[in-house]
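Below is one structure; the comments refer to it alone.
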Amino acid sequence: MSVQAVLSGHTERVWQAAWHPTRLEIASGGGDRAVRVWRQGRDGQWACVWHEAAAHKRTVRAVAWGSTADGAVLTTAGFDGATAVWEADGDDASLACVATLEGHENEVKAVAWAAGGTLVATCARDKSVWVWESLDDGDFECVAVLHEHTQDVKGLAWHPARDDVLVSASYDDSIKVWRDRAGDWYCADTLANAHASTVWAVDFDPSGNLLASVGDDCALNVWRTDNIDDAFVPFRKVASLQNAHSRPIYSVAWSKAHGLIATAGGDNAIRIFKFDHPSNSVALVTEIINAHGDFDVNCVRWCPLQESSHLLLSCGDDANIRIWSFDSQINNIK
Amino acid sequence: MAFSGVLQVTDLDDFIGASQACIKPVEVKKNPDVAKESTLRTDGLNYYEVSLDGTETQLEAATISLNDCLACSGCITSAESILVASQSHHDVYNALAANAAANQERKAIVVSLSPQSRASFATKYNLTPLSVHKRLVAFFVNYLGCDYVVDASFARDFALIESAREFVRRYRAVHEEVRTSNAEKLLPMLASACPGWICYAEKTHDYILPNISTTKSPQQIMGTLLKTHFASRMNLASPASVYHVSVMPCYDKKLEASRADFYSDVYRTRDVDTVITTGEVERMLKEKGLSILSLPEAPIPRLFTRVISQQNQQINGVSTNTVVGEEEILTGSEGSSSGGYMSYIFRYAARELFNIHLTPENVERGAQSTEFSAPLDDIRTANGKEPVTQQIPSWSVVVKPGRNVDFSQVVLMIGSVEVLNFAKAYGFRNIQNLVRKARPSLSIATTNGVAGLTVTGGPIRGIRSSRIHAKDADSGKTSNRFSGVHHFVEVMACPSGCINGGGQLKPDSFDAQGIEIESGPASKEYVAEAENVYQSIALQAMIDADMTGHVVQLYQLSLNFMVNVLLTKGMLFTLGNGWEGWTVRGQGSFCTHNIMRLKNYRKLMG
């Protein structure tokens, strides 16, 4: 494990960062209301290639790239209740805001694109989950407004292959599985008391049959469905690692390339786990203590590019983004 | 901001959800002398503050009125208890008790029954809507002692006519450069009958309010009819002498009835005194140890009711005949179970603006000019010889199904020009898309680095660079992209519309031991069945745009006709020119924003 780069530029905590779907590029957002795009140059050095200082009126809480028919589209979600859609503006690295998705009453906590590149979901403190569809004419249309969570909704994850399965994590300690039945979205499954406290984040394994969740209770749980195609087959908990971290866990990322699980949280650490399917065991592979010094780590994400899938980004309260290489660990599991 | 879970009947999660918190501050009277050290004690009903010396003081319960709720963007209708406390079936019992105790000041208690409520009972108990109507007459009139049961769809005809006239005025103002107030120069016109939608629009999207139709809802129109004409006819002392109970499929109709717009300071009365939901009627029956099935069928009072006898059904909806024992037929309105606004206004506008005669079925299924011809009288030009059909370009009605069941469009094409584009948008997601399209867009013409120029921050929208084409270039001209999309939208907050209102009956559920348990949500199939039952009653629009060449005349004629019928039946007093004041000016007493002032009551009566 080694640090590849430290990206400095944000002036306040970085809440989230996301890998570009097709090239070595990262977008980030933070408490300074800015959105930044970072890219690895020919010399191998990472640098900020574009930034928008006042991208939102308040904190930028979440960023996500969508892989659309028109190429990569960046969405940013903020505490101002808005979700902004950014597209390439000309040949250089600059982006322009081409649409805003409004409707949430207050802080948007997460944004996520479905694999198909047309659906984007958002969730907010207003307890709702919204699904939007990108239309051919360039506008977006609200497809569903889902109200069944009883508290703040913290995180979202789309099924890696299906555009009709969406999972949300909430302050109400539950995880909900949402499905699309002929254009109508509904709650197909509620994993009540999924954690003893807030569920901060969820992510699917490469197959889409397993789901990892992390929470304020410091636990990492793994859920499984025997048949994702059947809406009546529920997810059930197959593994639970208590004290996966010593403080609340804020982020979980399950690599679609090599299957390792990364977690990060309030104990300043990043941990890498391996889930073994037949035994349903969760084993610690490695860890990075004080990944951002004495600061919380808010988000970890694996690089989706096959050839760079050993790269993990993290962002922290120290206003930095770090890129880590797990070359040896990945080679070991192969 | 929100409708509540209360409103939710189906398992579809498309209702306007409950908001964070009530913003209405509750006033706390603090007494600095007392507020030192104390404990709280409750006996289950009341709360007591127990001070150190042992003295107890009963604490006042915070009260929140319905009007407080209307002023708040917090819970809206989620606090069901507030609604039930303010307007409940107990109010009906109280009014009945007050009547029983009164010597002279007895009120006439009139119950107006919505056709959706009727359909809900009919679906759950496998009865016909007519039978339900008769059984509820037996309950309210014969059993409880109310004076009349009237039919809310009677008032709906007025709402339809008024809405259609308003639409044509707006359309002409926009398209024909007619001089008018700016307020009327706005399309699309959005339906105003759904109180949930109105409440939502007022609180979160005020820019859209000028687009909302000024026509009152059928519930409030019925209130106007009862409190003025009926009261006068019955020689009652004032509008307040009528106690009007409305049976509705919707909790938010309680909010509508409570609006200050519909309260008269002079007469201290509302158009509607109490709104009870279909479910509350069922609860009343249970409380009295009755069931709709155990009630007899009572004759239907012919006051403000769209019931006809079989032999007279050709007389366009109002009976001139009350032969007892003759088989009766209930009549309903065309179109959706949410009032049929889209269907009626579409036909009226096609007729009025383009001289194209359509049937409700045309609007439902589509039609083309080759398959349909106007009545002979109307296809002649002024000289009375040459058929106009040769001069009117071919037209077609195209029904476009939407991306989901709660959104659909119907357009009227003349040649290749889309002259009318109407839509139905039900449920929260479709309302979202509607208001999204209507949101005034910011400096759409600028594209590069817009956000970088802002001082205040926040994403500012440019043009999606990958998709700049002619259409986008055009849109730079208008600041409101909404215009040109639809001309009229039938907006309803509930998925599936009013038939699926939150106050409707739910199917009974039983546990394994056969004991009734709390009803779960109604399935889509159950709602669809209720829709079918609703649609099963004869679809005879009382005012049919195809009956004569001039709709305005027809409107007047129909009103006069109806008034005359009512007069001959002894149901209505002479109106004289009163109708003119209500209808022709357009801002008459059926209008929400310029509602009938009851201080004009005497003038109207004169």
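Each chain in the structure tokens gets a letter, A, B and so on, in the order shown; residues start at 1 in every chain, and ligands are counted from 1 in the order they appear.
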Kindly determine which residues of chain A lie within 7 Å of chain B, considering only C-alpha atoms, and give the answer as a PyMOL selection string.
chain A and resi 52+54-57+84+89+96-100+126+138+141-147+183+186
Residue contacts of Val50 of chain B (7 Å, only C-alpha atoms) excluding same-chain residues fewer than 5 positions away, as a PyMOL selection string
chain B and resi 38-41+55-57
Can you write out the residues you just picked, keeping all heavy atoms, as a short mmCIF file (atom, residue, chain, number, x, y, z; two decimals), in the first residue's frame?
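Resulting contents of again.cif:
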data_model
loop_
_atom_site.label_atom_id
_atom_site.label_comp_id
_atom_site.auth_asym_id
_atom_site.auth_seq_id
_atom_site.Cartn_x
_atom_site.Cartn_y
_atom_site.Cartn_z
N SER B 38 -40.50 22.28 39.41
CA SER B 38 -41.78 21.61 39.44
C SER B 38 -41.66 20.29 38.69
O SER B 38 -40.72 20.07 37.95
CB SER B 38 -42.86 22.49 38.80
OG SER B 38 -42.51 22.76 37.47
N THR B 39 -42.63 19.47 38.91
CA THR B 39 -42.67 18.21 38.17
C THR B 39 -43.98 18.13 37.40
O THR B 39 -44.93 18.87 37.70
CB THR B 39 -42.58 17.00 39.12
OG1 THR B 39 -43.57 17.17 40.13
CG2 THR B 39 -41.21 16.91 39.76
N LEU B 40 -44.02 17.25 36.46
CA LEU B 40 -45.23 17.08 35.67
C LEU B 40 -45.93 15.80 36.09
O LEU B 40 -45.30 14.79 36.39
CB LEU B 40 -44.89 17.00 34.18
CG LEU B 40 -44.63 18.33 33.47
CD1 LEU B 40 -44.29 18.06 32.01
CD2 LEU B 40 -45.84 19.24 33.57
N ARG B 41 -47.23 15.86 36.11
CA ARG B 41 -47.99 14.67 36.42
C ARG B 41 -49.13 14.58 35.41
O ARG B 41 -49.66 15.61 34.97
CB ARG B 41 -48.58 14.80 37.84
CG ARG B 41 -49.33 13.56 38.32
CD ARG B 41 -49.94 13.81 39.69
NE ARG B 41 -51.13 14.67 39.63
CZ ARG B 41 -52.33 14.26 39.22
NH1 ARG B 41 -52.52 13.02 38.81
NH2 ARG B 41 -53.36 15.09 39.21
N THR B 55 -48.82 22.05 45.23
CA THR B 55 -50.01 22.52 44.53
C THR B 55 -49.93 22.12 43.06
O THR B 55 -48.86 22.16 42.44
CB THR B 55 -50.17 24.05 44.64
OG1 THR B 55 -48.95 24.64 44.21
CG2 THR B 55 -50.50 24.46 46.04
N GLU B 56 -51.08 21.74 42.54
CA GLU B 56 -51.12 21.30 41.16
C GLU B 56 -51.84 22.32 40.30
O GLU B 56 -52.86 22.87 40.69
CB GLU B 56 -51.84 19.95 41.05
CG GLU B 56 -51.08 18.82 41.71
CD GLU B 56 -51.67 17.47 41.37
OE1 GLU B 56 -52.66 17.43 40.63
OE2 GLU B 56 -51.11 16.45 41.84
N THR B 57 -51.30 22.56 39.15
CA THR B 57 -51.96 23.44 38.20
C THR B 57 -52.14 22.66 36.90
O THR B 57 -51.18 22.07 36.40
CB THR B 57 -51.07 24.67 37.88
OG1 THR B 57 -50.44 25.09 39.08
CG2 THR B 57 -51.90 25.78 37.29
#
Distance in Å - atom CA of Glu282 of chain B versus atom CA of Gly335 of chain B
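Value for the atom CA of Glu282 of chain B-atom CA of Gly335 of chain B distance: 27.2 Å.
Residues of segment 187-248 of chain B that DSSP, applied to the backbone, places in strand (DSSP E): B:Met189, B:Leu190, B:Val242, B:Tyr243, B:His244, B:Val245, B:Ser246, B:Val247, B:Met248.
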Residues near segment 13-23 of chain A, anyone? I mean within 7 Å using only C-alpha atoms, not counting same-chain ones fewer than 5 positions away, as a list in words.
Ser28, Gly29, Gly30, Gly31, Arg61, Ala62, Val63, Ala64, Trp65, Ser67, Ala72, Asn298, Cys299, Arg301, Cys303, Pro304, Leu305, Cys315, Gly316, Asp317, Asp318, Ala319 and Asn320 of chain A
Take the residues just selected and output them with N, CA, C and O atoms as a CSV table (one decimal), in the first residue's frame.
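again31.csv, freshly written:
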chain,number,residue,atom,x,y,z
A,28,SER,N,-14.6,16.3,-6.9
A,28,SER,CA,-14.8,16.3,-5.5
A,28,SER,C,-15.6,17.5,-5.1
A,28,SER,O,-15.7,18.5,-5.9
A,29,GLY,N,-16.2,17.4,-3.9
A,29,GLY,CA,-17.0,18.5,-3.4
A,29,GLY,C,-16.9,18.6,-1.9
A,29,GLY,O,-16.6,17.6,-1.3
A,30,GLY,N,-17.0,19.8,-1.4
A,30,GLY,CA,-16.8,19.9,0.1
A,30,GLY,C,-17.6,21.0,0.7
A,30,GLY,O,-18.4,21.7,0.1
A,31,GLY,N,-17.2,21.3,2.0
A,31,GLY,CA,-17.8,22.3,2.8
A,31,GLY,C,-17.5,23.7,2.3
A,31,GLY,O,-18.2,24.6,2.7
A,61,ARG,N,-22.3,18.1,-0.8
A,61,ARG,CA,-22.3,16.9,0.1
A,61,ARG,C,-22.0,15.7,-0.7
A,61,ARG,O,-21.4,14.7,-0.1
A,62,ALA,N,-22.3,15.6,-2.0
A,62,ALA,CA,-22.1,14.4,-2.7
A,62,ALA,C,-21.8,14.7,-4.2
A,62,ALA,O,-22.3,15.7,-4.7
A,63,VAL,N,-21.0,13.8,-4.7
A,63,VAL,CA,-20.7,13.9,-6.2
A,63,VAL,C,-20.8,12.6,-6.8
A,63,VAL,O,-20.5,11.6,-6.1
A,64,ALA,N,-21.2,12.5,-8.0
A,64,ALA,CA,-21.3,11.2,-8.7
A,64,ALA,C,-21.2,11.4,-10.2
A,64,ALA,O,-21.8,12.4,-10.7
A,65,TRP,N,-20.5,10.5,-10.9
A,65,TRP,CA,-20.4,10.6,-12.4
A,65,TRP,C,-21.5,9.6,-12.9
A,65,TRP,O,-21.6,8.5,-12.4
A,67,SER,N,-22.5,7.6,-16.5
A,67,SER,CA,-22.0,7.2,-17.8
A,67,SER,C,-23.1,7.2,-18.8
A,67,SER,O,-23.8,6.2,-18.9
A,72,ALA,N,-19.5,11.1,-20.1
A,72,ALA,CA,-19.6,11.2,-18.6
A,72,ALA,C,-20.3,12.5,-18.2
A,72,ALA,O,-20.0,13.6,-18.8
A,298,ASN,N,-14.2,10.7,5.3
A,298,ASN,CA,-15.6,10.8,4.9
A,298,ASN,C,-16.0,9.8,3.8
A,298,ASN,O,-17.2,9.5,3.8
A,299,CYS,N,-15.1,9.5,3.0
A,299,CYS,CA,-15.5,8.8,1.8
A,299,CYS,C,-14.3,8.0,1.2
A,299,CYS,O,-13.2,8.5,1.2
A,301,ARG,N,-13.6,5.4,-2.3
A,301,ARG,CA,-14.1,4.8,-3.5
A,301,ARG,C,-13.0,4.1,-4.3
A,301,ARG,O,-11.9,4.7,-4.5
A,303,CYS,N,-11.3,2.8,-7.8
A,303,CYS,CA,-11.3,3.2,-9.2
A,303,CYS,C,-12.0,2.2,-10.0
A,303,CYS,O,-11.7,1.0,-9.9
A,304,PRO,N,-12.9,2.6,-10.9
A,304,PRO,CA,-13.7,1.6,-11.7
A,304,PRO,C,-12.9,1.1,-12.9
A,304,PRO,O,-13.4,0.1,-13.5
A,305,LEU,N,-11.8,1.7,-13.2
A,305,LEU,CA,-11.1,1.3,-14.4
A,305,LEU,C,-10.4,0.0,-14.1
A,305,LEU,O,-9.6,-0.1,-13.1
A,315,CYS,N,-11.3,10.8,1.1
A,315,CYS,CA,-11.3,12.3,1.3
A,315,CYS,C,-11.7,12.5,2.8
A,315,CYS,O,-12.4,11.7,3.4
A,316,GLY,N,-11.1,13.6,3.3
A,316,GLY,CA,-11.3,13.7,4.8
A,316,GLY,C,-11.5,15.2,5.2
A,316,GLY,O,-11.6,16.1,4.4
A,317,ASP,N,-11.7,15.2,6.5
A,317,ASP,CA,-11.9,16.5,7.1
A,317,ASP,C,-10.7,17.4,7.0
A,317,ASP,O,-10.8,18.6,7.4
A,318,ASP,N,-9.6,16.9,6.6
A,318,ASP,CA,-8.4,17.7,6.5
A,318,ASP,C,-8.4,18.5,5.1
A,318,ASP,O,-7.4,19.1,4.8
A,319,ALA,N,-9.5,18.4,4.4
A,319,ALA,CA,-9.7,19.1,3.1
A,319,ALA,C,-8.9,18.5,2.0
A,319,ALA,O,-8.8,19.1,0.9
A,320,ASN,N,-8.3,17.4,2.2
A,320,ASN,CA,-7.5,16.7,1.2
A,320,ASN,C,-8.2,15.5,0.6
A,320,ASN,O,-9.0,14.9,1.3
Any idea what the distance is between atom CA of Phe488 of chain B and atom CA of Gly196 of chain B?
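Separating atom CA of Phe488 of chain B from atom CA of Gly196 of chain B is a distance of 18.3 Å.
The smallest atom-to-atom distance between Trp223 of chain A and any of A:Leu210, A:Ile261, A:Ala77, A:Val167, using only C-alpha atoms, is found for A:Leu210.
With only C-alpha atoms as the atoms that count, the residue of A:Leu24, A:Ala112, A:Ile289, A:Ala201 with the shortest distance to Gln306 of chain A is A:Leu24.
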